[in-house]
There are 2 protein chains.
Amino acid sequence: MVKMNENFSKLQGSYLFAEIARRTAEYTTANPEKKLIKLGIGDVTKPLSNVVISAMHRAVDDMADKSTFMGYGPYEGYEFLREAIVRHDYAPFGAPIRADEIFVSDGAKSDCGNIGDIFAEDNVVAVCDPVYPVYVDANAMSGRAGDWDGKRWTNIVYLPCNEQNGFIPELPVRTPDIIYLCFPNNPTGAVATKEQLRIWVDYARRNDAVIMYDAAYREYISDSGLPRSIYEIGGAEECAIEFNSFSKTAGFTGTRCGYTVIPKALKRGGESLNDVWMRRQSTKFNGTSYIVQRGAEAVFSEQGEKEYREIIAYYMNNARVIKKGLEDAGLAVHGGVNSPYIWARTPDGMPSWDFFDKLLREANVVTTPGAGFGPEGEGFIRLTGFGDAEATKQAVERVVGVL
Amino acid sequence: MVKMNENFSKLQGSYLFAEIARRTAEYTTANPEKKLIKLGIGDVTKPLSNVVISAMHRAVDDMADKSTFMGYGPYEGYEFLREAIVRHDYAPFGAPIRADEIFVSDGAKSDCGNIGDIFAEDNVVAVCDPVYPVYVDANAMSGRAGDWDGKRWTNIVYLPCNEQNGFIPELPVRTPDIIYLCFPNNPTGAVATKEQLRIWVDYARRNDAVIMYDAAYREYISDSGLPRSIYEIGGAEECAIEFNSFSKTAGFTGTRCGYTVIPKALKRGGESLNDVWMRRQSTKFNGTSYIVQRGAEAVFSEQGEKEYREIIAYYMNNARVIKKGLEDAGLAVHGGVNSPYIWARTPDGMPSWDFFDKLLREANVVTTPGAGFGPEGEGFIRLTGFGDAEATKQAVERVVGVL
């Protein structure tokens with residue numbers, strides 16, 4: 001008789017964004033005349049830029065001709081894209097990252113979830129609290145989270161991020177083996193300085209831990225003094241894996257392309273994590289669509305960068321509008337600078353799902369309740385700058401109107 | 001200190017096709033003037049068909065316009081594609097499969113590998129021998145294979161497929177919990193009848209086991225009496241998951257799209273496997289590229305089917321050429337009918353890697369050594385009909401010339 005993975009039954013309800021979608025759909029069905037504005041899930045709204053569209057049209061045409069047709073590609077992605085990534089993301093600040101340390105995938109979420117395959121079940125995992133739910137849920141599925149005690153997982157080391165510490169986690173009492181960090185942070189919008197990351201890199205090296213660094217929002221950093229990659233910190237190549245994505249840089253949420261960096265210098269128990277991940281990918285993955293990889297390559301061309309920077313500026317203007325509107329209405333607001341996320345305290349200590357429901361029903365604005373990101377997220381909501389500029393202005397007015 | 005997944009270190013060398021690529025590259029580097037013909041890895045060579053190309057151009061244009069731009073899609077794939085799959089693959093023979101039982105992905109290999117996430121570690125897995133290496137390696141990574149004893153994994157139930165049983169596995173002595181079946185078979189080219197599948201469906205239901213049915217080559221079946229899906233067998237919806245792919249049907253090896261069917265009637269330990277897989281996918285996957293899904297939808301249009309049937313006929317003609325050539329030269333040859341794969345016995349009992357090397361060096365033809373698919377594959381090589389027609393003819397002449 002087949003036995004199911006019992007860890008799944010410990011998971012709390014559905015995945016956060018699935019639950020938001022469910023409540024939203026329920027409201028829409030009951031109130032079909034209401035026009036909702038969605039500032040909840042971090043999905044982009046601007047179309048792909050011209051140079052990306054042209055590159056994908058050319059790639060589709062490549063697939064139509066026998067002489068240029070592309071079958072199975074390299075598991076780790078085409079060299080043209082991996083080289084473009086090195087030139088764009090790492091070479092400019094002299095990071096010791098080469099093309100054979102980059103793995104292209106169908107998205108950072110897949111890699112963040114699947115990376116657990118290469119580690120033993122009995123590692124201790126640390127996450128920021130609040131945190132992007134994928135890190136915790138994926139580890140819970142693999143049996144690394146322990147049990148759910150009603151508020152927290154018994155075997156996860158939570159790193160509280162709150163107003164007291166400026167949403168930058170402090171070193172924990174219990175030493176973890178795997179440490180998830182994400183800056184600019186989802187959901188709080190916090191950004192770490194080099195000095196703050198240095199503390200974590202030194203800590204991980206001292207304890208033979210591995211940092212999982214999620215840099216999906218790196219292109220939203222405009223302050224040149226802030227690090228866009230963990231590899232701007234010397235020694236990180238010996239202790240950190242970095243996850244990146246074209247989703248928020250270039251609007252690829254529906255086009256699907258991400259990339260993960262595993263430096264060759266990163267070894268544990270005598271094994272190269274780069275080799276082990278390659279073994280995992282060559283067995284359980286068959287590469288990313290050629291058409292999509294050509295589009296991603298174009299993102300990092302000179303014209304591609306010019307075009308995506310305009311789009312990011314547009315979203316960051318939305319973030320400023322949200323931040324200012326809520327601040328003027330008296331809410332405590334964080335993020336929204338060097339980050340597309342705004343993290344706002346609910347009024348009068350209202351529970352975050354209650355505030356979510358209130359904004360959905362009274363303001364017809366979809367947000368993300370902070371509690372969905374972890375216990376420390378209670379009392380906050382997350383808003384994003386990824387909407388349409390006019391709709392964002394209107395949403396802020398509606399929200400302010402019901403406060 | 002982080003601990004690695006020790007199961008990876010038990011894996012034998014690199015993934016089969018990576019090893020073939022390595023040996024081939026080594027030979028090519030040493031003999032750059034030699035022109036190799038590849039009949040080894042099952043990669044297609046014909047370009048995508050017209051209707052698919054047009055659909056993907058339109059989808060790229062959708063991404064260029066704010067009003068038609070697509071962000072995050074449903075984790076399980078767009079309804080337009082899932083409905084097209086039901087109409088094309090299941091409705092024609094009255095199988096009880098609906099669109100909400102279909103999960104679209106970036107490829108059948110990902111799903112075949114990742115499906116293990118939803119099962120406990122201590123299930124007993126049965127595979128055909130020889131077999132597509134992904135089933136075994138993915139389970140070995142999860143700790144389900146036991147130890148490698150030099151020839152076999154100690155905890156895998158091997159189902160020998162050989163000339164004696166016509167390459168159709170018989171029921172095993174030890175009862176497995178998870179049973180991988182693949183028809184038309186990769187690598188032997190064997191095809192199962194309804195009566196033969198009925199035995200396995202009844203067996204799985206009797207033992208509360210789950211069948212993993214890989215139907216990636218279903219469109220190569222021209223004999224209308226043979227089942228293209230496990231769901232042509234009544235009761236399979238209570239005991240089988242089916243994996244499908246656009247790779248071999250429509251040349252999507254580099255475009256990337258597959259789909260997995262998990263019927264709602266399939267329950268174990270009180271849990272719906274459909275629900276559990278949805279939880280897995282919503283946590284560790286973010287959907288398949290919209291552009292690719294539009295291309296896949298076009299495959300199943302009336303014109304799309306006409307176009308892919310012409311391509312399949314072309315490949316099947318290659319298969320006939322290979323089969324006839326090798327048979328005429330005195331080799332024992334299997335497959336090649338209702339299947340793009342030819343499974344040929346090596347001459348004089350030569351070990352299959354030796355024969356692989358001989359054909360590589362003397363005939364400059366790349367094949368796949370049978371031993372790479374399991375102990376029972378020793379003494380065979382696999383050839384595929386996916387090449388260019390002229391090159392295939394030439395390859396057969398070269399092979400015959402060195403026998």
# chains A, B, ... in the order shown; residues from 1 in each chain; ligands from 1

call {"tool": "residues_around", "arguments": {"residues": "Met70 (chain A)", "least_positions_apart": "3", "cutoff": "12 Å", "atoms": "only C-alpha atoms", "output": "PyMOL selection string"}}
result
(chain A and resi 59-67+73-74+78+287-291+293-294) or (chain B and resi 43-48+247+251-256)

call {"tool": "select_by_dssp", "arguments": {"residues": "region 69-269 of chain B", "states": "alpha helix (DSSP H)", "output": "CSV table (one decimal) with C-alpha atoms, in the first residue's frame"}}
result
chain,number,residue,atom,x,y,z
B,79,GLU,CA,-7.8,26.3,-18.9
B,80,PHE,CA,-7.6,26.8,-22.6
B,81,LEU,CA,-4.8,24.2,-22.8
B,82,ARG,CA,-6.2,21.8,-20.2
B,83,GLU,CA,-9.5,21.7,-22.1
B,84,ALA,CA,-7.7,21.1,-25.4
B,85,ILE,CA,-5.9,18.2,-23.8
B,108,ALA,CA,7.3,15.3,-18.3
B,109,LYS,CA,10.8,14.8,-16.9
B,110,SER,CA,10.2,17.5,-14.2
B,111,ASP,CA,7.0,15.8,-13.2
B,112,CYS,CA,8.3,12.3,-13.3
B,113,GLY,CA,11.1,13.5,-11.0
B,114,ASN,CA,9.2,15.7,-8.7
B,133,PRO,CA,17.0,6.3,-15.9
B,134,VAL,CA,15.0,9.2,-14.4
B,135,TYR,CA,12.5,7.0,-12.5
B,136,VAL,CA,15.3,5.2,-10.7
B,137,ASP,CA,17.7,8.1,-10.2
B,138,ALA,CA,15.0,10.4,-8.9
B,139,ASN,CA,13.8,7.8,-6.4
B,140,ALA,CA,17.4,7.0,-5.4
B,141,MET,CA,17.9,10.7,-4.6
B,194,LYS,CA,-5.3,-3.4,-23.2
B,195,GLU,CA,-5.3,-6.9,-21.7
B,196,GLN,CA,-1.7,-6.5,-20.6
B,197,LEU,CA,-2.4,-3.2,-18.9
B,198,ARG,CA,-5.6,-4.5,-17.4
B,199,ILE,CA,-3.4,-7.0,-15.4
B,200,TRP,CA,-1.4,-4.1,-13.9
B,201,VAL,CA,-4.4,-2.0,-13.2
B,202,ASP,CA,-6.1,-4.8,-11.3
B,203,TYR,CA,-2.9,-5.6,-9.5
B,204,ALA,CA,-2.4,-1.9,-8.4
B,205,ARG,CA,-6.0,-1.6,-7.2
B,206,ARG,CA,-5.8,-4.9,-5.3
B,247,SER,CA,8.3,16.8,-26.8
B,248,LYS,CA,7.9,13.8,-29.0
B,249,THR,CA,4.3,14.5,-30.2
B,250,ALA,CA,5.2,18.0,-31.6

call {"tool": "atom_distance", "arguments": {"atom1": "CA of Val402 (chain B)", "atom2": "CA of Ile37 (chain B)"}}
result
14.8 Å

call {"tool": "residues_around", "arguments": {"residues": "region 317-327 of chain A", "least_positions_apart": "4", "cutoff": "8 Å", "atoms": "only C-alpha atoms", "output": "list in words"}}
result
Ala313, Leu331, Ala332, Val333, His334, Gly336, Val337, Pro340, Tyr341, Ile342, Ala344, Leu383, Thr384, Gly385, Phe386, Gly387, Asp388, Ala389, Thr392, Lys393, Val396, Glu397 and Val400 of chain A

call {"tool": "select_by_dssp", "arguments": {"residues": "region 191-386 of chain A", "states": "strand (DSSP E)", "output": "MDAnalysis selection string"}}
result
chainID A and resid 210:214 240:245 258:261 267:268 271:272 333:335 341:345 365:366 368:369 380:384

call {"tool": "residues_around", "arguments": {"residues": "Gly379 (chain A)", "least_positions_apart": "5", "cutoff": "9 Å", "atoms": "only C-alpha atoms", "output": "PyMOL selection string"}}
result
chain A and resi 344-353+355+369-371

call {"tool": "closest_residue", "arguments": {"among": "B:Glu390, B:Asp89, B:Glu33, B:Glu305", "to": "Glu232 (chain B)", "atoms": "only C-alpha atoms"}}
result
B:Asp89

call {"tool": "atom_distance", "arguments": {"atom1": "CA of His88 (chain B)", "atom2": "CA of Val52 (chain B)"}}
result
15.8 Å

call {"tool": "residues_around", "arguments": {"residues": "Met212 (chain A)", "least_positions_apart": "5", "cutoff": "12 Å", "atoms": "only C-alpha atoms", "output": "ChimeraX atom specification"}}
result
/A:108,111-113,115-116,125-128,135,177-183,200-201,204,229-231,236-237,239-244,260-262

call {"tool": "residues_around", "arguments": {"residues": "Met1 (chain B)", "least_positions_apart": "5", "cutoff": "6 Å", "atoms": "only C-alpha atoms", "output": "JSON, numbers by chain"}}
result
{"A": [177, 207, 208, 209]}

call {"tool": "write_last_selection", "arguments": {"atoms": "C-alpha atoms", "output": "PDB file, in the first residue's frame"}}
result
ATOM      1  CA  ASP A 177      22.571  24.916   8.981  1.00  0.00           C
ATOM      2  CA  ASN A 207      29.423  27.476  11.278  1.00  0.00           C
ATOM      3  CA  ASP A 208      29.710  25.726   7.889  1.00  0.00           C
ATOM      4  CA  ALA A 209      26.160  26.828   7.221  1.00  0.00           C
TER       5      ALA A 209
END
